[in-house]
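A.B. asks: Below you will find the structure I want to go over with you.
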Number of protein chains: 2
Amino acid sequence: AVSVDTNGLVVEQFARLVELALAHGINLHDPRYVGLQVPAPVPLAGLFDCIGAVINNPMAIYEMGPWVASAEQALIAELAGRIGWEGRDSGGIVTHGGSIANLTAILVARNVALGRSWELGIAPELATRGGRTAKLVVHADAHYCLARAAGITGIGTDNVVLAPLDDRRRIDPSRLDETLVTLRSAGHPIIAVSACACSTPVGAFDPLIEIAEVCQRHDVWLHVDAAHGGAALFSRKHCGLLAGIDLADSVTWDAHKMMFVPALCAFLLYKDKRHSYEAFRQNAPYLFDPSEPGLADFDGGLRTLECTKRAAALGLWGVWSLFGPELFEDLVDVTFALGRSLYEQLNAAADFTPLHEPQCNIVVFRYTPSALRDAAPAELGEFQLHLRRSVIESGDFYLVPTSHNGVAALRCTLMNPLTTPATLAALLQTLREHGQRILNRAS
Amino acid sequence: AVSVDTNGLVVEQFARLVELALAHGINLHDPRYVGLQVPAPVPLAGLFDCIGAVINNPMAIYEMGPWVASAEQALIAELAGRIGWEGRDSGGIVTHGGSIANLTAILVARNVALGRSWELGIAPELATRGGRTAKLVVHADAHYCLARAAGITGIGTDNVVLAPLDDRRRIDPSRLDETLVTLRSAGHPIIAVSACACSTPVGAFDPLIEIAEVCQRHDVWLHVDAAHGGAALFSRKHCGLLAGIDLADSVTWDAHKMMFVPALCAFLLYKDKRHSYEAFRQNAPYLFDPSEPGLADFDGGLRTLECTKRAAALGLWGVWSLFGPELFEDLVDVTFALGRSLYEQLNAAADFTPLHEPQCNIVVFRYTPSALRDAAPAELGEFQLHLRRSVIESGDFYLVPTSHNGVAALRCTLMNPLTTPATLAALLQTLREHGQRILNRAS
């Protein structure tokens, strides 16, 4: 009820708008957020995002954002070094998300496998090669963006071949070899093998050394989707999960997952920098200055789907500069340990069934009280979906649904360092209470 | 030299990092920034970006960011209303940039024109249609991302057909009709016609009513790239430039251009909402909850290339909520008037040559002092490039190079409301001084 000047009014209205957005959002910083592969980000990174937004120096060309472009290149070199490419002529780009990074990698692999498909299109290029459709081999649990990449790039989603998995849902190298032999002998061009480090549904890390050996034998591009698991390279305890990643031709690595910066900051890294120019082969005279070709390495627009690009790496650069890479090691170790703790608690509980032994911080399970012991799989699955909806609508916890062997299940990703084993015990108790209420209503 | 606690140290280091980035960036808020189609954004939008970054509610699914998803839907409805689609069942998405929006539109058009290319791939789909390659018809001055879209989607950049332009570099409808007749009679499937509102190089607005009539006659998808010009719909003075945009099937409209919010916030809008589900046809059980199919309209991930998506519309929603749409009308009117002022000053100067009469705030010209009156075109062009580099390296002004009729030229986009006609007079004087120094050194 006090009079305010115009500035005061704007400040008051700004606060009201922010409160609206906060009140109707998901609070990822609450320890009871145990849902998707989206972290409770380091809050300070948001301030760097604010600076990046206000200065608005886009990244298509070096000269429009020299510092941001340089920071991006420095981070690319750091991550390539973690992969084991130090001393190699590796390269990469930062892009808006893992889906775009994976799409770009498949596009590069397509352009390498089908030399002139960029210019001629897929159809004439395949016609000159015996007319067999090209195939893309992906981990059977690959993120849906890999099949989308086949749909987008003209390969066709029906030409996605699922690599057979072992009993821990990792690619089985010897059966991968059989798959490639079969495709090659039938005359199909093979665009790439796309492996996971780790897979989205259960967080399984593929045996990359053996997979790379198979790919090399068949001369096939190896892409590793390490969107979630790449950051384990910072952890002395867990980096062994990624042994062999240096043998990949391309790697997707999202900093906005396990490096705890806000969405989006995804890296696409190439073992051989020259491949980063294979995806897009064009000229835009109003962007790229022919009088300074030496700047091309810093002109991101030559190598990415995007033209105007926000300063997506600024948050990571800031957090890294302030706290050092040890921060990422800590965050990986703490959250992977939480995954183990949830698994052990589920295992010890008679009324819960973990569906795999987790390798990281992704855990899939079902609530299986005695009343449902003899239920048909479809009924058991439907119960998980109703249970989850009951829990998220109550606001008690945020977790997500998934499907495991064709039956619905519950899925947690532990990406909040404020979550503790005690929080997880409370999660089990909450699921029990909601589950019993649903069962009581049904009976 | 005072002792600081850890927090104080972080604050001090944060300030140092921000100063580093500012010192080595381009200051778009300086009136002498007259370069690319990237605005000096409304600074307050950056604060909304900060909030969006810290809360990190991604947009693939409604339930992970209900408020942000709702704000996005509200803005989509507002922009569709400006286009003239009020009352229609229109729809859209917000995506990371105009390049991705244009790619998605071409992908939808491809999937509509070649019914099963998403599943089968381009080659088998074309083989069953007589084996002729599919063609994509684009404005001869279209942004390079349109040709890229052909390269990415398996159509092939060689199958991009340039729509003939009139003497103001707008698509000539009657010659477009001839182009479509020729393609149809040769049996080529036509993916789409992509028009400009406005074109990137000179800011030309296509005659959309006549173009739409041609497309309807040939039953061809009409996409309008209004990344830059869409915002003119807010201006009572300039909205006539977009007459007929309601006849398009899809429209790209970047809020991070003429709506002056930070990169990136691009809208892809469809006249018929059902088409927004044509681009991607897939299931991801850990994302989309089959128990709540009614939420699908708010689950952006079903309709965009991206999975995790940042709260890209929050800055626009905030600025719009605080200041109303009149802000955008003002910004369009002020910057379009600056374009006119620059043109008039160039026209009045004996030693400058404007290369077109601008329709908006994009102006292309050359510095043509008497010493170069008889120079060969290549020499004149090279001089423009050296002149520009000299100016940008001095820090006096930021403008960009382009090529006009195959010869290099200078290009300004006036996207800073702090720029005035006096600033533009100073620009001409600066170009004269640098130009004379270069000429003196050469002689």
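Order determines the names: the first chain of the structure tokens is A, the second B, and so forth; residues in each chain are numbered 1 upward, and ligands are numbered 1 upward as they are shown.
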Which residues are close to segment 81-97 of chain A, i.e. within 9 Å by only C-alpha atoms, leaving aside same-chain residues fewer than 2 positions away? Reply as a VMD selection string.

C.D. replies: (chain A and resid 72 to 73 76 to 79 99 to 102 227 230 233 to 234 242 244 to 247 250 254 256 263 to 276 300 303 to 306 309 to 310 312 to 313) or (chain B and resid 96 306 to 310)

A.B. asks: Can you tell me which residues surround Tyr62 of chain A at a distance of at most 7 Å, considering only C-alpha atoms, apart from same-chain residues fewer than 2 positions away, and format the answer as a PyMOL selection string?

C.D. replies: chain A and resi 59-60+64-66+69+295+298-299

A.B. asks: Identify, on the basis of only C-alpha atoms, every residue whose closest approach to Glu278 of chain B does not exceed 9 Å; exclude the query and any residue fewer than 5 positions from it along the same chain; express the result as a list in words.

C.D. replies: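 The residues satisfying every condition are Leu107, Val108, Ala109, Asn111, Val112 and Arg303 of chain B.
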
A.B. asks: Take the residues from that selection and write them out as a PDB file, in the first residue's frame, keeping all heavy atoms.

C.D. replies:
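Result went into result-v2.pdb, see below:
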ATOM      1  N   LEU B 107      11.720 -30.985 -42.090  1.00  0.00           N
ATOM      2  CA  LEU B 107      11.533 -32.396 -41.753  1.00  0.00           C
ATOM      3  C   LEU B 107      10.046 -32.763 -41.761  1.00  0.00           C
ATOM      4  O   LEU B 107       9.655 -33.807 -42.291  1.00  0.00           O
ATOM      5  CB  LEU B 107      12.144 -32.643 -40.378  1.00  0.00           C
ATOM      6  CG  LEU B 107      12.151 -34.055 -39.849  1.00  0.00           C
ATOM      7  CD1 LEU B 107      12.941 -34.976 -40.769  1.00  0.00           C
ATOM      8  CD2 LEU B 107      12.746 -34.069 -38.441  1.00  0.00           C
ATOM      9  N   VAL B 108       9.224 -31.902 -41.194  1.00  0.00           N
ATOM     10  CA  VAL B 108       7.779 -32.142 -41.212  1.00  0.00           C
ATOM     11  C   VAL B 108       7.290 -32.168 -42.658  1.00  0.00           C
ATOM     12  O   VAL B 108       6.551 -33.075 -43.059  1.00  0.00           O
ATOM     13  CB  VAL B 108       7.034 -31.059 -40.409  1.00  0.00           C
ATOM     14  CG1 VAL B 108       5.535 -31.165 -40.641  1.00  0.00           C
ATOM     15  CG2 VAL B 108       7.350 -31.187 -38.923  1.00  0.00           C
ATOM     16  N   ALA B 109       7.712 -31.192 -43.438  1.00  0.00           N
ATOM     17  CA  ALA B 109       7.278 -31.135 -44.836  1.00  0.00           C
ATOM     18  C   ALA B 109       7.736 -32.381 -45.586  1.00  0.00           C
ATOM     19  O   ALA B 109       6.991 -32.942 -46.398  1.00  0.00           O
ATOM     20  CB  ALA B 109       7.824 -29.876 -45.500  1.00  0.00           C
ATOM     21  N   ASN B 111       8.272 -35.349 -44.240  1.00  0.00           N
ATOM     22  CA  ASN B 111       7.475 -36.486 -43.777  1.00  0.00           C
ATOM     23  C   ASN B 111       6.055 -36.441 -44.332  1.00  0.00           C
ATOM     24  O   ASN B 111       5.436 -37.487 -44.519  1.00  0.00           O
ATOM     25  CB  ASN B 111       7.449 -36.520 -42.239  1.00  0.00           C
ATOM     26  CG  ASN B 111       8.812 -36.903 -41.654  1.00  0.00           C
ATOM     27  OD1 ASN B 111       9.671 -37.399 -42.369  1.00  0.00           O
ATOM     28  ND2 ASN B 111       8.988 -36.664 -40.373  1.00  0.00           N
ATOM     29  N   VAL B 112       5.551 -35.243 -44.595  1.00  0.00           N
ATOM     30  CA  VAL B 112       4.223 -35.129 -45.193  1.00  0.00           C
ATOM     31  C   VAL B 112       4.304 -35.468 -46.685  1.00  0.00           C
ATOM     32  O   VAL B 112       3.484 -36.233 -47.210  1.00  0.00           O
ATOM     33  CB  VAL B 112       3.648 -33.710 -44.965  1.00  0.00           C
ATOM     34  CG1 VAL B 112       2.391 -33.491 -45.795  1.00  0.00           C
ATOM     35  CG2 VAL B 112       3.354 -33.498 -43.473  1.00  0.00           C
ATOM     36  N   ARG B 303       7.675 -33.217 -29.909  1.00  0.00           N
ATOM     37  CA  ARG B 303       7.578 -32.436 -31.139  1.00  0.00           C
ATOM     38  C   ARG B 303       8.847 -31.691 -31.482  1.00  0.00           C
ATOM     39  O   ARG B 303       8.856 -30.879 -32.398  1.00  0.00           O
ATOM     40  CB  ARG B 303       6.406 -31.448 -31.004  1.00  0.00           C
ATOM     41  CG  ARG B 303       5.075 -32.147 -31.100  1.00  0.00           C
ATOM     42  CD  ARG B 303       3.954 -31.249 -30.688  1.00  0.00           C
ATOM     43  NE  ARG B 303       4.009 -30.990 -29.257  1.00  0.00           N
ATOM     44  CZ  ARG B 303       3.651 -29.853 -28.682  1.00  0.00           C
ATOM     45  NH1 ARG B 303       3.246 -28.869 -29.418  1.00  0.00           N
ATOM     46  NH2 ARG B 303       3.717 -29.714 -27.379  1.00  0.00           N
TER      47      ARG B 303
END

A.B. asks: Rank nothing, just name the residue among B:Leu302, B:Val138, B:Leu439, B:Ala243 nearest to chain A, using only C-alpha atoms.

C.D. replies: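 Among B:Leu302, B:Val138, B:Leu439, B:Ala243, it is B:Leu302 that comes nearest to chain A.
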
A.B. asks: Run DSSP on the backbone and tell me which residues of segment 123-307 of chain A come out as helix (DSSP H, G or I); list them as a ChimeraX atom specification.

C.D. replies: /A:123-127,144-152,157-159,173-185,208-218,229-234,239-242,245-247,255-258,273-277,293-298,300-302

A.B. asks: Please list as a list of chain:residue names every residue within 7 Å of segment 316-321 of chain B, counting only C-alpha atoms and excluding residues in the same chain fewer than 6 positions away.

C.D. replies: B:Ala45, B:Phe48, B:Ala71, B:Val261

A.B. asks: For the selection just defined, write its residues with all heavy atoms to a file, as a PDB file, in the first residue's frame.

C.D. replies:
ATOM      1  N   ALA B  45      15.673  -9.463 -19.176  1.00  0.00           N
ATOM      2  CA  ALA B  45      15.431 -10.828 -19.643  1.00  0.00           C
ATOM      3  C   ALA B  45      16.530 -11.770 -19.149  1.00  0.00           C
ATOM      4  O   ALA B  45      16.286 -12.958 -18.913  1.00  0.00           O
ATOM      5  CB  ALA B  45      15.335 -10.868 -21.166  1.00  0.00           C
ATOM      6  N   PHE B  48      15.641 -13.252 -15.832  1.00  0.00           N
ATOM      7  CA  PHE B  48      14.723 -14.393 -15.949  1.00  0.00           C
ATOM      8  C   PHE B  48      15.503 -15.639 -16.387  1.00  0.00           C
ATOM      9  O   PHE B  48      15.229 -16.744 -15.926  1.00  0.00           O
ATOM     10  CB  PHE B  48      13.598 -14.079 -16.939  1.00  0.00           C
ATOM     11  CG  PHE B  48      12.539 -13.183 -16.375  1.00  0.00           C
ATOM     12  CD1 PHE B  48      12.538 -11.825 -16.636  1.00  0.00           C
ATOM     13  CD2 PHE B  48      11.541 -13.695 -15.553  1.00  0.00           C
ATOM     14  CE1 PHE B  48      11.554 -10.991 -16.118  1.00  0.00           C
ATOM     15  CE2 PHE B  48      10.559 -12.867 -15.022  1.00  0.00           C
ATOM     16  CZ  PHE B  48      10.564 -11.510 -15.297  1.00  0.00           C
ATOM     17  N   ALA B  71       3.847 -21.286 -19.796  1.00  0.00           N
ATOM     18  CA  ALA B  71       4.246 -19.980 -20.328  1.00  0.00           C
ATOM     19  C   ALA B  71       4.583 -20.107 -21.817  1.00  0.00           C
ATOM     20  O   ALA B  71       4.193 -19.261 -22.637  1.00  0.00           O
ATOM     21  CB  ALA B  71       5.451 -19.433 -19.554  1.00  0.00           C
ATOM     22  N   VAL B 261      15.032 -10.436 -26.859  1.00  0.00           N
ATOM     23  CA  VAL B 261      15.413 -11.254 -25.706  1.00  0.00           C
ATOM     24  C   VAL B 261      16.717 -11.965 -26.052  1.00  0.00           C
ATOM     25  O   VAL B 261      17.085 -12.090 -27.218  1.00  0.00           O
ATOM     26  CB  VAL B 261      14.303 -12.257 -25.307  1.00  0.00           C
ATOM     27  CG1 VAL B 261      13.073 -11.509 -24.830  1.00  0.00           C
ATOM     28  CG2 VAL B 261      13.966 -13.228 -26.416  1.00  0.00           C
TER      29      VAL B 261
END
